[in-house]
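Pasting entry31.cif here (mmCIF, C-alpha atoms and all ligand atoms):
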data_protein
#
loop_
_atom_site.group_PDB
_atom_site.id
_atom_site.type_symbol
_atom_site.label_atom_id
_atom_site.label_comp_id
_atom_site.auth_asym_id
_atom_site.auth_seq_id
_atom_site.Cartn_x
_atom_site.Cartn_y
_atom_site.Cartn_z
ATOM 1 C CA MET A 1 11.149 -12.379 -1.069
ATOM 2 C CA LYS A 2 12.637 -11.591 -4.505
ATOM 3 C CA THR A 3 15.981 -10.009 -5.358
ATOM 4 C CA ILE A 4 16.278 -7.592 -8.280
ATOM 5 C CA THR A 5 19.806 -6.613 -9.327
ATOM 6 C CA ILE A 6 20.620 -3.593 -11.453
ATOM 7 C CA LEU A 7 23.914 -3.760 -13.356
ATOM 8 C CA SER A 8 25.789 -2.311 -16.310
ATOM 9 C CA GLY A 9 28.782 -3.543 -18.257
ATOM 10 C CA LYS A 10 30.314 -0.094 -17.987
ATOM 11 C CA GLY A 11 30.340 2.531 -15.225
ATOM 12 C CA GLY A 12 28.743 5.967 -15.430
ATOM 13 C CA VAL A 13 25.639 4.961 -17.371
ATOM 14 C CA GLY A 14 23.117 5.844 -14.659
ATOM 15 C CA LYS A 15 22.896 2.500 -12.840
ATOM 16 C CA SER A 16 22.742 3.874 -9.287
ATOM 17 C CA SER A 17 20.436 6.702 -10.295
ATOM 18 C CA ILE A 18 18.016 4.200 -11.865
ATOM 19 C CA THR A 19 18.332 1.859 -8.847
ATOM 20 C CA ALA A 20 17.396 4.745 -6.538
ATOM 21 C CA SER A 21 14.242 5.619 -8.492
ATOM 22 C CA LEU A 22 13.135 1.994 -8.842
ATOM 23 C CA SER A 23 13.625 1.553 -5.069
ATOM 24 C CA ILE A 24 11.507 4.611 -4.263
ATOM 25 C CA LEU A 25 8.608 3.424 -6.399
ATOM 26 C CA LEU A 26 8.805 -0.183 -5.203
ATOM 27 C CA ALA A 27 8.830 1.025 -1.584
ATOM 28 C CA LYS A 28 5.489 2.799 -2.119
ATOM 29 C CA LYS A 29 3.807 -0.573 -2.491
ATOM 30 C CA TYR A 30 6.149 -3.132 -0.932
ATOM 31 C CA LYS A 31 8.605 -3.595 1.917
ATOM 32 C CA ILE A 32 12.085 -3.369 0.439
ATOM 33 C CA VAL A 33 15.762 -3.260 1.401
ATOM 34 C CA ALA A 34 18.153 -1.425 -0.948
ATOM 35 C CA VAL A 35 21.734 -2.687 -1.155
ATOM 36 C CA ASP A 36 24.807 -0.948 -2.530
ATOM 37 C CA CYS A 37 27.144 -3.710 -3.702
ATOM 38 C CA ASP A 38 29.484 -1.382 -5.596
ATOM 39 C CA VAL A 39 32.001 -1.656 -2.768
ATOM 40 C CA ASP A 40 34.792 0.106 -4.702
ATOM 41 C CA ALA A 41 32.735 3.274 -5.138
ATOM 42 C CA PRO A 42 29.448 3.104 -3.209
ATOM 43 C CA ASN A 43 27.164 6.066 -3.834
ATOM 44 C CA LEU A 44 23.607 4.751 -3.745
ATOM 45 C CA GLY A 45 23.274 6.176 -0.215
ATOM 46 C CA LEU A 46 24.125 9.654 -1.510
ATOM 47 C CA LEU A 47 21.192 9.508 -3.892
ATOM 48 C CA PHE A 48 18.912 9.042 -0.877
ATOM 49 C CA GLY A 49 20.593 11.990 0.870
ATOM 50 C CA ILE A 50 22.444 9.779 3.372
ATOM 51 C CA LYS A 51 25.622 11.265 4.813
ATOM 52 C CA LYS A 52 26.435 8.621 7.411
ATOM 53 C CA PHE A 53 25.668 4.954 7.853
ATOM 54 C CA LYS A 54 24.999 3.343 11.262
ATOM 55 C CA ASN A 55 26.034 0.045 12.859
ATOM 56 C CA ILE A 56 29.319 0.114 10.960
ATOM 57 C CA GLU A 57 31.113 -3.207 11.126
ATOM 58 C CA LYS A 58 34.727 -3.659 10.088
ATOM 59 C CA VAL A 59 34.882 -6.832 8.051
ATOM 60 C CA SER A 60 37.686 -9.135 7.161
ATOM 61 C CA THR A 61 37.520 -11.078 3.909
ATOM 62 C CA ASN A 62 41.152 -11.107 2.843
ATOM 63 C CA TYR A 63 44.660 -12.013 3.937
ATOM 64 C CA LYS A 64 48.009 -10.232 3.752
ATOM 65 C CA ALA A 65 51.514 -11.589 4.207
ATOM 66 C CA PHE A 66 53.545 -10.466 7.231
ATOM 67 C CA THR A 67 57.186 -11.262 7.926
ATOM 68 C CA ASN A 68 58.442 -12.291 11.364
ATOM 69 C CA LYS A 69 61.944 -12.452 12.882
ATOM 70 C CA LYS A 70 62.725 -15.756 11.180
ATOM 71 C CA ILE A 71 62.628 -13.968 7.805
ATOM 72 C CA ASN A 72 66.222 -12.867 8.520
ATOM 73 C CA LYS A 73 67.268 -16.502 8.108
ATOM 74 C CA CYS A 74 65.361 -16.935 4.850
ATOM 75 C CA LYS A 75 67.844 -17.963 2.187
ATOM 76 C CA ASN A 76 65.329 -18.451 -0.602
ATOM 77 C CA ILE A 77 66.508 -16.185 -3.382
ATOM 78 C CA ASP A 78 63.277 -16.703 -5.362
ATOM 79 C CA LEU A 79 61.129 -14.928 -2.784
ATOM 80 C CA VAL A 80 61.154 -11.601 -4.641
ATOM 81 C CA ASN A 81 60.325 -13.243 -7.966
ATOM 82 C CA ILE A 82 57.573 -15.528 -6.662
ATOM 83 C CA CYS A 83 55.289 -12.570 -5.940
ATOM 84 C CA ALA A 84 53.221 -11.936 -9.071
ATOM 85 C CA PHE A 85 52.108 -8.620 -7.585
ATOM 86 C CA HIS A 86 55.642 -7.218 -7.081
ATOM 87 C CA ALA A 87 54.936 -6.787 -3.378
ATOM 88 C CA ILE A 88 58.267 -8.194 -2.179
ATOM 89 C CA SER A 89 61.579 -6.344 -2.344
ATOM 90 C CA LEU A 90 64.887 -6.664 -0.519
ATOM 91 C CA LYS A 91 66.098 -4.314 2.163
ATOM 92 C CA GLY A 92 69.752 -5.262 2.244
ATOM 93 C CA LYS A 93 69.335 -9.031 2.171
ATOM 94 C CA VAL A 94 66.059 -9.133 4.070
ATOM 95 C CA PRO A 95 62.728 -9.475 2.189
ATOM 96 C CA VAL A 96 60.145 -6.785 2.974
ATOM 97 C CA ILE A 97 56.471 -6.812 1.960
ATOM 98 C CA ASN A 98 54.583 -3.814 0.597
ATOM 99 C CA LYS A 99 51.126 -4.204 2.190
ATOM 100 C CA LEU A 100 49.379 -2.094 -0.437
ATOM 101 C CA LEU A 101 50.579 -4.407 -3.206
ATOM 102 C CA CYS A 102 50.139 -7.708 -1.367
ATOM 103 C CA GLU A 103 47.061 -9.655 -2.536
ATOM 104 C CA GLY A 104 47.372 -12.354 0.107
ATOM 105 C CA CYS A 105 47.826 -15.193 -2.384
ATOM 106 C CA GLY A 106 50.193 -17.079 -0.048
ATOM 107 C CA ALA A 107 52.817 -18.017 -2.667
ATOM 108 C CA CYS A 108 55.628 -16.460 -0.592
ATOM 109 C CA LYS A 109 54.591 -18.492 2.456
ATOM 110 C CA LEU A 110 55.075 -21.675 0.464
ATOM 111 C CA LEU A 111 58.705 -20.676 -0.125
ATOM 112 C CA CYS A 112 59.347 -19.423 3.383
ATOM 113 C CA PRO A 113 56.783 -20.992 5.760
ATOM 114 C CA GLU A 114 58.810 -20.115 8.881
ATOM 115 C CA GLY A 115 59.441 -16.441 8.157
ATOM 116 C CA ILE A 116 56.098 -15.452 6.615
ATOM 117 C CA GLU A 117 52.624 -15.528 8.134
ATOM 118 C CA LEU A 118 49.303 -14.922 6.433
ATOM 119 C CA LYS A 119 46.960 -12.873 8.591
ATOM 120 C CA LYS A 120 43.368 -11.808 8.041
ATOM 121 C CA VAL A 121 43.065 -8.035 7.622
ATOM 122 C CA LYS A 122 40.116 -5.685 8.077
ATOM 123 C CA ASN A 123 39.646 -4.776 4.434
ATOM 124 C CA ALA A 124 36.192 -3.196 4.370
ATOM 125 C CA GLU A 125 33.339 -1.614 6.291
ATOM 126 C CA VAL A 126 29.655 -2.464 6.096
ATOM 127 C CA GLY A 127 26.884 -0.240 7.461
ATOM 128 C CA GLU A 128 23.137 0.234 7.309
ATOM 129 C CA THR A 129 20.602 2.979 7.911
ATOM 130 C CA LYS A 130 16.990 3.851 7.285
ATOM 131 C CA THR A 131 16.421 6.245 4.400
ATOM 132 C CA ARG A 132 14.103 9.245 4.731
ATOM 133 C CA TYR A 133 11.790 7.295 2.431
ATOM 134 C CA GLY A 134 11.196 4.676 5.121
ATOM 135 C CA PHE A 135 13.206 1.695 3.848
ATOM 136 C CA TYR A 136 16.607 0.368 4.884
ATOM 137 C CA ILE A 137 19.774 0.585 2.835
ATOM 138 C CA VAL A 138 22.906 -1.509 3.409
ATOM 139 C CA SER A 139 26.227 -0.400 1.954
ATOM 140 C CA GLY A 140 29.793 -1.703 1.918
ATOM 141 C CA GLN A 141 33.064 0.029 1.227
ATOM 142 C CA LEU A 142 36.408 -1.550 0.443
ATOM 143 C CA LYS A 143 39.412 0.131 2.087
ATOM 144 C CA ILE A 144 42.022 1.739 -0.147
ATOM 145 C CA GLY A 145 44.494 -0.771 -1.610
ATOM 146 C CA GLU A 146 42.536 -3.767 -0.324
ATOM 147 C CA SER A 147 41.263 -6.736 -2.295
ATOM 148 C CA GLY A 148 38.647 -9.411 -1.653
ATOM 149 C CA SER A 149 35.790 -7.253 -2.969
ATOM 150 C CA GLY A 150 33.645 -10.202 -4.073
ATOM 151 C CA ASN A 151 33.623 -11.547 -0.527
ATOM 152 C CA VAL A 152 32.797 -8.083 0.824
ATOM 153 C CA VAL A 153 29.732 -8.048 -1.449
ATOM 154 C CA GLU A 154 28.698 -11.391 0.093
ATOM 155 C CA VAL A 155 28.919 -9.828 3.585
ATOM 156 C CA VAL A 156 26.902 -6.787 2.453
ATOM 157 C CA LYS A 157 24.201 -9.010 0.962
ATOM 158 C CA GLU A 158 24.085 -11.200 4.053
ATOM 159 C CA ARG A 159 23.442 -8.115 6.221
ATOM 160 C CA ALA A 160 20.699 -7.040 3.797
ATOM 161 C CA ARG A 161 19.130 -10.502 3.877
ATOM 162 C CA LYS A 162 19.022 -10.438 7.705
ATOM 163 C CA ILE A 163 17.223 -7.075 7.716
ATOM 164 C CA ALA A 164 14.898 -8.206 4.941
ATOM 165 C CA LYS A 165 13.998 -11.322 6.922
ATOM 166 C CA LYS A 166 13.423 -9.299 10.092
ATOM 167 C CA ILE A 167 11.035 -6.856 8.427
ATOM 168 C CA ASN A 168 9.525 -9.531 6.191
ATOM 169 C CA ALA A 169 10.550 -7.632 3.049
ATOM 170 C CA ASP A 170 9.082 -8.350 -0.353
ATOM 171 C CA PHE A 171 12.112 -7.196 -2.347
ATOM 172 C CA ILE A 172 15.857 -6.723 -2.044
ATOM 173 C CA VAL A 173 17.073 -4.200 -4.633
ATOM 174 C CA VAL A 174 20.775 -4.571 -5.417
ATOM 175 C CA ASP A 175 22.933 -1.885 -7.035
ATOM 176 C CA SER A 176 25.793 -3.941 -8.515
ATOM 177 C CA SER A 177 29.199 -2.600 -9.450
ATOM 178 C CA ALA A 178 30.022 -2.056 -13.119
ATOM 179 C CA GLY A 179 32.022 -4.551 -15.185
ATOM 180 C CA ILE A 180 32.095 -8.340 -15.189
ATOM 181 C CA GLY A 181 34.387 -9.056 -12.221
ATOM 182 C CA CYS A 182 33.975 -10.796 -8.881
ATOM 183 C CA GLN A 183 31.822 -8.011 -7.390
ATOM 184 C CA VAL A 184 29.313 -8.369 -10.210
ATOM 185 C CA ILE A 185 29.273 -12.151 -9.918
ATOM 186 C CA ALA A 186 28.722 -11.920 -6.155
ATOM 187 C CA SER A 187 26.018 -9.275 -6.708
ATOM 188 C CA ILE A 188 23.917 -11.236 -9.177
ATOM 189 C CA ARG A 189 24.553 -14.810 -8.017
ATOM 190 C CA ASP A 190 21.250 -15.380 -6.197
ATOM 191 C CA SER A 191 19.117 -12.785 -7.970
ATOM 192 C CA ASP A 192 15.639 -13.463 -9.285
ATOM 193 C CA TYR A 193 15.824 -10.827 -12.011
ATOM 194 C CA VAL A 194 18.552 -8.636 -13.508
ATOM 195 C CA VAL A 195 18.026 -5.192 -15.034
ATOM 196 C CA ALA A 196 20.893 -4.399 -17.421
ATOM 197 C CA ILE A 197 21.408 -0.676 -18.089
ATOM 198 C CA ARG A 198 22.894 0.514 -21.385
ATOM 199 C CA GLU A 199 23.492 3.840 -23.038
ATOM 200 C CA PRO A 200 23.536 4.017 -26.844
ATOM 201 C CA THR A 201 27.281 4.530 -27.282
ATOM 202 C CA PRO A 202 29.758 2.768 -29.646
ATOM 203 C CA SER A 203 30.996 0.392 -26.930
ATOM 204 C CA ALA A 204 27.449 -0.376 -25.779
ATOM 205 C CA LEU A 205 26.870 -3.623 -27.619
ATOM 206 C CA SER A 206 30.168 -5.324 -26.815
ATOM 207 C CA ASP A 207 29.906 -4.307 -23.118
ATOM 208 C CA LEU A 208 26.310 -5.471 -23.007
ATOM 209 C CA LYS A 209 27.085 -8.852 -24.576
ATOM 210 C CA ARG A 210 29.900 -9.467 -22.097
ATOM 211 C CA VAL A 211 27.845 -8.693 -19.015
ATOM 212 C CA LEU A 212 24.825 -10.633 -20.294
ATOM 213 C CA LYS A 213 27.039 -13.711 -20.727
ATOM 214 C CA VAL A 214 27.694 -13.557 -16.980
ATOM 215 C CA VAL A 215 23.962 -13.263 -16.239
ATOM 216 C CA GLU A 216 23.130 -16.115 -18.628
ATOM 217 C CA HIS A 217 25.716 -18.302 -16.919
ATOM 218 C CA PHE A 218 23.611 -18.110 -13.758
ATOM 219 C CA LYS A 219 20.384 -18.657 -15.745
ATOM 220 C CA ILE A 220 18.792 -15.524 -14.298
ATOM 221 C CA PRO A 221 16.013 -13.831 -16.301
ATOM 222 C CA TYR A 222 16.873 -10.307 -17.387
ATOM 223 C CA GLY A 223 15.791 -7.299 -19.397
ATOM 224 C CA ILE A 224 17.498 -4.234 -20.821
ATOM 225 C CA VAL A 225 16.875 -0.575 -20.025
ATOM 226 C CA ILE A 226 18.292 1.860 -22.594
ATOM 227 C CA ASN A 227 19.209 5.019 -20.723
ATOM 228 C CA LYS A 228 19.412 8.322 -22.655
ATOM 229 C CA PHE A 229 18.096 6.446 -25.700
ATOM 230 C CA ASP A 230 17.596 9.730 -27.580
ATOM 231 C CA ILE A 231 21.233 10.934 -27.496
ATOM 232 C CA ASN A 232 22.136 8.522 -30.293
ATOM 233 C CA LYS A 233 19.109 6.992 -31.946
ATOM 234 C CA ARG A 234 21.217 5.007 -34.417
ATOM 235 C CA PHE A 235 23.011 3.106 -31.646
ATOM 236 C CA ALA A 236 19.789 2.788 -29.648
ATOM 237 C CA LYS A 237 18.321 1.067 -32.719
ATOM 238 C CA LYS A 238 21.352 -1.274 -32.845
ATOM 239 C CA ILE A 239 20.721 -2.310 -29.238
ATOM 240 C CA GLU A 240 17.037 -2.860 -30.017
ATOM 241 C CA ASN A 241 17.872 -4.959 -33.103
ATOM 242 C CA PHE A 242 20.334 -7.035 -31.074
ATOM 243 C CA ALA A 243 17.686 -7.546 -28.385
ATOM 244 C CA ARG A 244 15.038 -8.569 -30.920
ATOM 245 C CA LYS A 245 17.355 -11.079 -32.643
ATOM 246 C CA SER A 246 18.468 -12.507 -29.291
ATOM 247 C CA GLU A 247 14.910 -12.575 -27.921
ATOM 248 C CA ILE A 248 15.829 -10.248 -25.062
ATOM 249 C CA THR A 249 13.176 -7.877 -23.753
ATOM 250 C CA ILE A 250 13.764 -4.139 -23.662
ATOM 251 C CA ILE A 251 11.932 -3.367 -20.425
ATOM 252 C CA GLY A 252 12.368 0.405 -20.597
ATOM 253 C CA LYS A 253 13.753 3.386 -22.457
ATOM 254 C CA LEU A 254 14.676 6.549 -20.562
ATOM 255 C CA PRO A 255 15.296 9.896 -22.273
ATOM 256 C CA TYR A 256 18.157 12.302 -21.742
ATOM 257 C CA ASP A 257 16.864 15.056 -19.473
ATOM 258 C CA LYS A 258 18.660 17.597 -17.341
ATOM 259 C CA SER A 259 16.358 16.650 -14.432
ATOM 260 C CA PHE A 260 18.499 13.523 -13.954
ATOM 261 C CA VAL A 261 21.581 15.678 -13.358
ATOM 262 C CA GLU A 262 19.678 18.192 -11.227
ATOM 263 C CA ALA A 263 18.302 15.342 -9.109
ATOM 264 C CA LEU A 264 21.850 14.013 -8.566
ATOM 265 C CA VAL A 265 23.048 17.471 -7.540
ATOM 266 C CA ASN A 266 20.134 17.707 -5.086
ATOM 267 C CA LEU A 267 20.852 14.198 -3.708
ATOM 268 C CA GLU A 268 17.425 12.960 -4.712
ATOM 269 C CA PRO A 269 16.205 10.147 -6.952
ATOM 270 C CA VAL A 270 14.835 11.634 -10.158
ATOM 271 C CA VAL A 271 11.292 10.318 -9.478
ATOM 272 C CA VAL A 272 11.277 12.425 -6.311
ATOM 273 C CA TYR A 273 12.844 15.461 -7.968
ATOM 274 C CA ASN A 274 10.557 15.424 -10.993
ATOM 275 C CA LYS A 275 7.332 13.445 -10.757
ATOM 276 C CA LYS A 276 6.896 13.333 -14.536
ATOM 277 C CA PHE A 277 9.379 10.429 -14.652
ATOM 278 C CA GLU A 278 7.288 8.207 -12.379
ATOM 279 C CA LYS A 279 5.354 6.694 -15.262
ATOM 280 C CA LEU A 280 8.524 5.640 -17.144
ATOM 281 C CA PHE A 281 9.975 3.954 -14.064
ATOM 282 C CA LEU A 282 6.640 2.345 -13.157
ATOM 283 C CA ASP A 283 6.534 0.837 -16.643
ATOM 284 C CA ILE A 284 9.978 -0.704 -16.019
ATOM 285 C CA LEU A 285 8.799 -2.131 -12.693
ATOM 286 C CA ASN A 286 5.643 -3.534 -14.269
ATOM 287 C CA ASN A 287 7.806 -5.331 -16.817
ATOM 288 C CA VAL A 288 10.089 -6.674 -14.059
ATOM 289 C CA ASN A 289 7.060 -7.830 -12.046
ATOM 290 C CA TYR A 290 5.693 -9.609 -15.114
ATOM 291 C CA TYR A 291 8.847 -11.760 -15.298
ATOM 292 C CA LEU A 292 8.929 -12.330 -11.544
ATOM 293 C CA LYS A 293 5.446 -13.872 -11.431
HETATM 294 S S1 LIG B 301 50.997 -13.263 -0.183
HETATM 295 FE FE1 LIG B 301 51.178 -13.304 -2.427
HETATM 296 S S2 LIG B 301 50.863 -11.180 -2.982
HETATM 297 FE FE2 LIG B 301 51.356 -11.159 -0.821
HETATM 298 S S3 LIG B 301 53.538 -10.851 -0.748
HETATM 299 FE FE3 LIG B 301 53.186 -13.060 -0.696
HETATM 300 S S4 LIG B 301 53.336 -13.696 -2.838
HETATM 301 FE FE4 LIG B 301 53.087 -11.475 -2.839
#
Please express what this file holds, its structure, as structure tokens.
Ligand code: SF4
Amino acid sequence: MKTITILSGKGGVGKSSITASLSILLAKKYKIVAVDCDVDAPNLGLLFGIKKFKNIEKVSTNYKAFTNKKINKCKNIDLVNICAFHAISLKGKVPVINKLLCEGCGACKLLCPEGIELKKVKNAEVGETKTRYGFYIVSGQLKIGESGSGNVVEVVKERARKIAKKINADFIVVDSSAGIGCQVIASIRDSDYVVAIREPTPSALSDLKRVLKVVEHFKIPYGIVINKFDINKRFAKKIENFARKSEITIIGKLPYDKSFVEALVNLEPVVVYNKKFEKLFLDILNNVNYYLK
């Protein structure tokens, strides 16, 4: 079983849309499980027309600080200042904790071990369902104001791995979050191949270099897909030159086409909405397969 992760240094460049189409085509030949690891803003399910997930499990991957009665006796005047997240204020002389701001770091408990407790909180939900295309999707969602997203991604992937094992899947296809933070690291950590999506915009190269550094750290093979390559051919060329000099393979180039937007509006992957794109996506998959052999 191989894991392919699709990521982008920046959001809004078509990562989930591309993940959805690659999943559809892979599922025609192989058993797959799709995974939405963008737990801040999961929307891969929407692209498969899913309105509700099943077997929802509330998960707990983070702590928050809670005060108890003994806090009234706390004389430590540094308690407000120790919190780097400005979660502690005074009500009269008594410290109170703003749960939305608390990151659960535990620094306040070190100052006032008697009056403060760290408790695990339910910070996310993870669910699964079968898509109308016959394969499973697993998705996680962080609750508002909660942290611990990297650990939530681990839980989401573990659920996906269990399903994949049960159905003897050939591939797990991971839709990572954007950026270079803990969610991305948790998403790509045990991947066999990474597909990095870029659009030819002025920030493209610096974003791409940053995210590829993360991938290289884990020594995972990767290739670049330039999405909407024809909206700015000059910048597309810059990405291609960078790739050539760095010996990175461009595994696909997708054009700008209103079908991509229409497919999103219709809650369908573009390869379902407009069959003419199948060939372009199959070429990407053939390139990925070549590096997975
Ligand atoms: S656990 Fe950390 S973040 Fe939360 S209130 Fe205490 S010091 Fe602030």
Could you pull out the residues sitting within 10 Å of ligand LIG 301 (chain B), using all atoms listed in the file, and write them as a compact mmCIF listing (two decimals) with C-alpha atoms, keeping the file's coordinate frame?
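pocket_17.txt, written as the output of this step:
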# COMPACT_ATOMS: atom_id res chain seq x y z
CA TYR A 63 44.66 -12.01 3.94
CA LYS A 64 48.01 -10.23 3.75
CA ALA A 65 51.51 -11.59 4.21
CA PHE A 66 53.54 -10.47 7.23
CA THR A 67 57.19 -11.26 7.93
CA LEU A 79 61.13 -14.93 -2.78
CA VAL A 80 61.15 -11.60 -4.64
CA ASN A 81 60.32 -13.24 -7.97
CA ILE A 82 57.57 -15.53 -6.66
CA CYS A 83 55.29 -12.57 -5.94
CA ALA A 84 53.22 -11.94 -9.07
CA PHE A 85 52.11 -8.62 -7.58
CA HIS A 86 55.64 -7.22 -7.08
CA ALA A 87 54.94 -6.79 -3.38
CA ILE A 88 58.27 -8.19 -2.18
CA SER A 89 61.58 -6.34 -2.34
CA PRO A 95 62.73 -9.48 2.19
CA VAL A 96 60.14 -6.78 2.97
CA ILE A 97 56.47 -6.81 1.96
CA ASN A 98 54.58 -3.81 0.60
CA LYS A 99 51.13 -4.20 2.19
CA LEU A 100 49.38 -2.09 -0.44
CA LEU A 101 50.58 -4.41 -3.21
CA CYS A 102 50.14 -7.71 -1.37
CA GLU A 103 47.06 -9.65 -2.54
CA GLY A 104 47.37 -12.35 0.11
CA CYS A 105 47.83 -15.19 -2.38
CA GLY A 106 50.19 -17.08 -0.05
CA ALA A 107 52.82 -18.02 -2.67
CA CYS A 108 55.63 -16.46 -0.59
CA LYS A 109 54.59 -18.49 2.46
CA LEU A 110 55.08 -21.68 0.46
CA LEU A 111 58.70 -20.68 -0.12
CA CYS A 112 59.35 -19.42 3.38
CA ILE A 116 56.10 -15.45 6.62
CA GLU A 117 52.62 -15.53 8.13
CA LEU A 118 49.30 -14.92 6.43
CA LYS A 119 46.96 -12.87 8.59
>> Please enumerate the residues selected by the PyMOL selection byres (((chain A and resi 279) around 12) and not hetatm) when evaluated against the supplied file, formatted as a list in words.
In response: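 Applied to this file, the PyMOL selection byres (((chain A and resi 279) around 12) and not hetatm) returns Ser21, Leu22, Leu25, Gly252, Lys253, Leu254, Val270, Val271, Asn274, Lys275, Lys276, Phe277, Glu278, Leu280, Phe281, Leu282, Asp283, Ile284, Leu285 and Asn286 of chain A.
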>> For the PyMOL selection byres (((chain A and resi 35-39) around 7) and not hetatm), applied here, can you spell out every residue it catches as a ChimeraX atom specification?
In response: /A:33-34,40-42,44,137-142,149,153,156,160,173-177,187
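Between His217 of chain A and the candidates A:Ile180, A:Ile77, A:Ala169, A:Ala263, the tightest atom-to-atom separation, counting all atoms listed in the file, involves A:Ile180.
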>> One number please: atom CA of Phe171 of chain A to atom CA of Lys213 of chain A, in Å, one decimal.
In response: 24.6 Å
> For the atom pair atom CA of Phe242 of chain A and atom CA of Leu7 of chain A, what is the interatomic distance in Å to one decimal place?
Replying inline: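 Separation of atom CA of Phe242 of chain A and atom CA of Leu7 of chain A: 18.4 Å.
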>> Neighbouring residues of Ala20 of chain A were defined as those with any atom within 8 Å, considering all atoms listed in the file; residues of the same chain fewer than 5 positions away were excluded. Please report them as JSON, numbers by chain.
In response: {"A": [44, 47, 48, 269]}
> Given the file above and the PyMOL selection byres (((chain A and resi 200) around 12) and not hetatm), which residues are selected, and can you give them as an MDAnalysis selection string?
Replying inline: chainID A and resid 10 13 197:199 201:208 224:240 253:256
> What is the distance between atom CA of Gln183 of chain A and atom CA of Gly150 of chain A, in Å to one decimal?
Replying inline: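 A separation of 4.4 Å between them.
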> Taking into account only C-alpha atoms, which residue in the set A:Lys52, A:Lys69, A:Arg189, A:Lys143 is nearest to Val121 of chain A?
Replying inline: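 For Val121 of chain A, the nearest of the candidates is A:Lys143.
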> So which one's closest to Glu154 of chain A, A:Lys130, A:Gly179, A:Glu216, A:Val59? Using all atoms listed in the file, please.
Replying inline: A:Val59
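The shortest atom-to-atom distance to Glu114 of chain A, with only C-alpha atoms taken into account, belongs to A:Cys74 out of A:Val94, A:Val194, A:Ile188, A:Cys74.
The smallest atom-to-atom distance between Lys54 of chain A and any of A:Ile4, A:Leu267, A:Cys182, A:Val126, using all atoms listed in the file, is found for A:Val126.
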> With only C-alpha atoms as the basis for distance, which of A:Glu262, A:Asp190, A:Asp170, A:Glu268 is at the shortest distance from Lys2 of chain A?
Replying inline: A:Asp170
